[in-house]
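I have placed the structure first, in the form of structure tokens, so that the comments after it can refer back to it.
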Amino acid sequence: MGFLNFFRLSRSKSTGGQHVQVRGILVFENTSEVIRAENILKKNGWQIKVVGPPPEIRTGCDLVIEFPLIEELNILRLLKEADVSPIEVVPVNNPLLKPVDLFQIKDFGKHLMVRAANMKLTVDKETLTIVNVSGGGCPDVPYLACEMVGKSLQGAPSPNEIGHTLCGYALQLSCEEMKRICLR
Amino acid sequence: MLAVIGTIPDTAFPMVKGEVFLENEMIRIRDRSAPVNRGTAALIAAAVKTSEFLGQSLPFACLAGDIGLGKGSRRIYQTLVKEIGSAEITTIVFHYLQPDVDWHNKVLFAIDDMSKRPILIADAGFMYAAKMSGQAGAYDLFTPDMGELAFLADEKAPHPFYTRGFILHEDNRASELISRAYANENAARYLLVKGREDYLADHEGILANVKIHINESMEAIGGTGDTLTGIVAAFVESGMKIKDAAITAAKVNRLAGYNAKPTPATQVTEIINHIPSALSEILRNKKTAAT
């Protein structure tokens, strides 16, 4: 069968307009920071919403910003550039869920692997060259691997700067821990 | 026809649909090429090697460039929703796509409209979306690693990054996590769990484990899970039962890794090059055992 026939008819079907993107919440010190962050994010085209915080995460500020959770790294980077970083980021479906933050280290002798959450970074201990990146499932993982593997731990771009998703954020944690271990 | 749906980590890579083959350690689709180093390209390379060995048609792919911003993934979602209903696909693998529950559901609705439902395999970002949508049961096979299994088992986690008890996902908890994933309806008909040992499971629990050629270095190598998914998809497309395909694919992937004499610095391309010889040995042994 020719591939022209692979996708030959054009049809569409809707889910009834229900949007069920998984969301996260940005928690700030005070409402003026919320308003600043809202303006910045909306100006940059993000689909966000200012809402009241769930009881579990009330910190004194009456407003939080709901955003697409998967894009956490992009949004945090933008807010950091504007000097309005949140004090906490939590998933909206259960505000008590916390990011995994415990590291696991595996020493292979010549190589050292650090895992943070679902992302692993491996370096050559002698040259500090990044030799592998593994784990994760968001599309920036292969991109980050392409950009980082073969480069030195100090010279490679930071996932915080070029990553975009929660997997990218987890790789940043691995990278920071690796630097803490290897460059101390 | 085996169809592979995924992304290439290059923003300049346009959305392309077509038969895909290998050329100088690159995947080639129409007038575009991409390096076989990890991600969907590694999956495709493994599927191509296996398809060639089995003498079956090469996979078709629907690919777009995406580095995590989601634009390429959304183009793919949109195209699938419009066009997949009329496609002649018998096996479909969804891979590195930006997890988006809304788009995922639309794609699943479109698949429901197909005259004959293909075998559905999901891995990476699309598996996350399948679980988060509550539609995991619509799939025939998920191929999680142990961390992703913990994510499937955690009914509250919106992404593996937030999985509770993540640090405790040692292999000896596989059985418990598998039971929990099925109890919460967050698992496909079969799970092929990739790790130090590979496990095949269904709703009744672990059906088989494959632990030949254990090599600790494999954990560090990016893309070894992708190659496993590519091999199992090609086997399924050949008509092999999913259970048999999964166990055989796990053996082939592990033997290919072993033959590459891996270190933590080994790149998955080196393992992919050993897939044909591993296929030859494992399938020969399988045939001998059957006679």
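We label chains A, B, ... in the order they appear in the structure tokens, count residues from 1 in each chain, and number ligands from 1 in the order shown.
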
Who sits within 8 Å of segment 127-129 of chain A, only C-alpha atoms, same chain under 5 positions skipped, as number ranges by chain:
A: 149-153, 182

Asn93 of chain A: which residues within 8 Å, counting only C-alpha atoms, same-chain residues fewer than 6 positions away excluded, as a list in words?
Val22, Arg23 and Gly24 of chain A; Lys156 and Pro158 of chain B

Would you give me, as a PyMOL selection string, the residues in segment 3-240 of chain B that DSSP reads as alpha helix (DSSP H)?
chain B and resi 40-54+71-83+101-112+124-132+146-153+174-183+224-237

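When the distance limit is 10 Å and only C-alpha atoms are what count, the residues near Val36 of chain B, minus those fewer than 4 positions from it on the same chain, are Leu22, Glu23, Asn24, Glu25, Met26, Ile27, Arg28, Thr40, Ala41, Ala42, Leu43, Ile44, Ala45, Ala46, Gly223, Gln267, Val268, Thr269 and Ile272 of chain B.
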
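Relative to atom CA of Pro91 of chain A, atom CA of Asp154 of chain B is found at 13.8 Å.
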
I'd like the neighbourhood of segment 1-17 of chain B as JSON, numbers by chain, where a residue qualifies if any of its atoms comes within 7 Å (using only C-alpha atoms), though same-chain residues fewer than 4 positions away should be ignored.
{"A": [139, 140, 142, 143], "B": [40, 59, 60, 61, 62, 63, 64, 65, 66, 67, 73, 88, 89, 90, 91, 92, 93, 94, 95, 96, 97, 237]}

In segment 46-160 of chain A, what's strand (DSSP E) per DSSP? Answer as a CSV table (one decimal) with N, CA and C atoms, in the first residue's frame?
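Printed below is part_10.csv as written:
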chain,number,residue,atom,x,y,z
A,49,LYS,N,-4.6,30.4,34.7
A,49,LYS,CA,-5.8,30.9,35.4
A,49,LYS,C,-5.4,31.2,36.8
A,50,VAL,N,-5.9,32.4,37.3
A,50,VAL,CA,-5.7,32.7,38.7
A,50,VAL,C,-6.9,32.2,39.5
A,51,VAL,N,-6.6,31.4,40.5
A,51,VAL,CA,-7.7,30.7,41.3
A,51,VAL,C,-7.3,30.8,42.8
A,64,VAL,N,-3.6,31.7,43.7
A,64,VAL,CA,-2.5,30.9,43.1
A,64,VAL,C,-2.7,30.9,41.6
A,65,ILE,N,-1.7,30.5,40.9
A,65,ILE,CA,-1.9,30.5,39.4
A,65,ILE,C,-1.9,29.0,39.0
A,66,GLU,N,-2.9,28.6,38.2
A,66,GLU,CA,-3.0,27.3,37.7
A,66,GLU,C,-2.4,27.3,36.3
A,67,PHE,N,-1.6,26.3,35.9
A,67,PHE,CA,-0.9,26.2,34.7
A,67,PHE,C,-0.7,24.8,34.2
A,68,PRO,N,-0.4,24.6,32.9
A,68,PRO,CA,-0.2,23.2,32.4
A,68,PRO,C,1.1,22.6,33.0
A,88,GLU,N,6.5,27.8,45.7
A,88,GLU,CA,6.2,26.3,45.6
A,88,GLU,C,5.4,26.0,44.3
A,89,VAL,N,5.7,24.8,43.8
A,89,VAL,CA,4.9,24.3,42.6
A,89,VAL,C,4.3,23.0,43.0
A,90,VAL,N,3.0,22.8,42.8
A,90,VAL,CA,2.4,21.5,43.1
A,90,VAL,C,1.4,21.1,42.1
A,91,PRO,N,1.1,19.8,41.9
A,91,PRO,CA,0.1,19.4,41.0
A,91,PRO,C,-1.3,19.7,41.5
A,103,PHE,N,18.1,11.6,45.6
A,103,PHE,CA,19.0,11.2,44.6
A,103,PHE,C,19.5,9.7,44.8
A,104,GLN,N,19.7,9.0,43.7
A,104,GLN,CA,20.4,7.7,43.8
A,104,GLN,C,21.7,7.8,43.0
A,105,ILE,N,22.7,7.3,43.6
A,105,ILE,CA,24.0,7.4,43.0
A,105,ILE,C,24.5,6.0,42.7
A,106,LYS,N,25.0,5.7,41.5
A,106,LYS,CA,25.6,4.4,41.2
A,106,LYS,C,27.0,4.6,40.7
A,107,ASP,N,28.0,4.0,41.4
A,107,ASP,CA,29.4,4.1,41.0
A,107,ASP,C,29.8,2.9,40.2
A,111,HIS,N,32.9,5.3,35.7
A,111,HIS,CA,31.8,6.2,35.5
A,111,HIS,C,30.9,6.3,36.7
A,112,LEU,N,30.2,7.4,36.8
A,112,LEU,CA,29.3,7.7,37.9
A,112,LEU,C,27.9,8.1,37.4
A,113,MET,N,26.9,7.5,37.9
A,113,MET,CA,25.5,7.8,37.5
A,113,MET,C,24.8,8.4,38.6
A,114,VAL,N,24.1,9.5,38.3
A,114,VAL,CA,23.2,10.1,39.3
A,114,VAL,C,21.8,10.1,38.8
A,115,ARG,N,20.9,9.6,39.6
A,115,ARG,CA,19.5,9.6,39.2
A,115,ARG,C,18.7,10.6,40.1
A,116,ALA,N,17.9,11.4,39.5
A,116,ALA,CA,16.9,12.2,40.3
A,116,ALA,C,15.6,12.0,39.6
A,119,MET,N,15.1,10.7,35.9
A,119,MET,CA,16.2,11.0,34.9
A,119,MET,C,17.6,10.6,35.5
A,120,LYS,N,18.4,10.0,34.6
A,120,LYS,CA,19.7,9.6,35.0
A,120,LYS,C,20.8,10.3,34.1
A,121,LEU,N,21.8,10.7,34.8
A,121,LEU,CA,23.0,11.4,34.1
A,121,LEU,C,24.2,10.6,34.5
A,122,THR,N,25.0,10.2,33.4
A,122,THR,CA,26.3,9.5,33.7
A,122,THR,C,27.5,10.2,33.2
A,123,VAL,N,28.5,10.3,34.0
A,123,VAL,CA,29.7,11.0,33.5
A,123,VAL,C,30.9,10.1,33.7
A,124,ASP,N,32.0,10.3,32.9
A,124,ASP,CA,33.3,9.7,33.1
A,124,ASP,C,33.9,10.4,34.2
A,130,ILE,N,30.1,14.0,30.0
A,130,ILE,CA,28.8,13.4,30.1
A,130,ILE,C,28.7,12.3,29.0
A,131,VAL,N,28.6,11.0,29.5
A,131,VAL,CA,28.6,9.9,28.5
A,131,VAL,C,27.2,9.4,28.2
A,132,ASN,N,26.2,9.6,29.0
A,132,ASN,CA,24.9,9.1,28.7
A,132,ASN,C,23.8,9.9,29.5
A,133,VAL,N,22.7,10.0,28.9
A,133,VAL,CA,21.5,10.5,29.6
A,133,VAL,C,20.4,9.5,29.3
A,134,SER,N,19.7,9.0,30.4
A,134,SER,CA,18.6,8.1,30.2
A,134,SER,C,17.4,8.3,31.1
A,135,GLY,N,16.3,7.6,30.8
A,135,GLY,CA,15.1,7.8,31.5
A,135,GLY,C,14.2,8.9,30.9

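For the pair atom CA of Val101 of chain B and atom CA of Ser133 of chain B, the interatomic distance is 5.4 Å.
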
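Atom CA of Ala233 of chain B to atom CA of Leu192 of chain B spans 11.7 Å [interatomic distance, one decimal].
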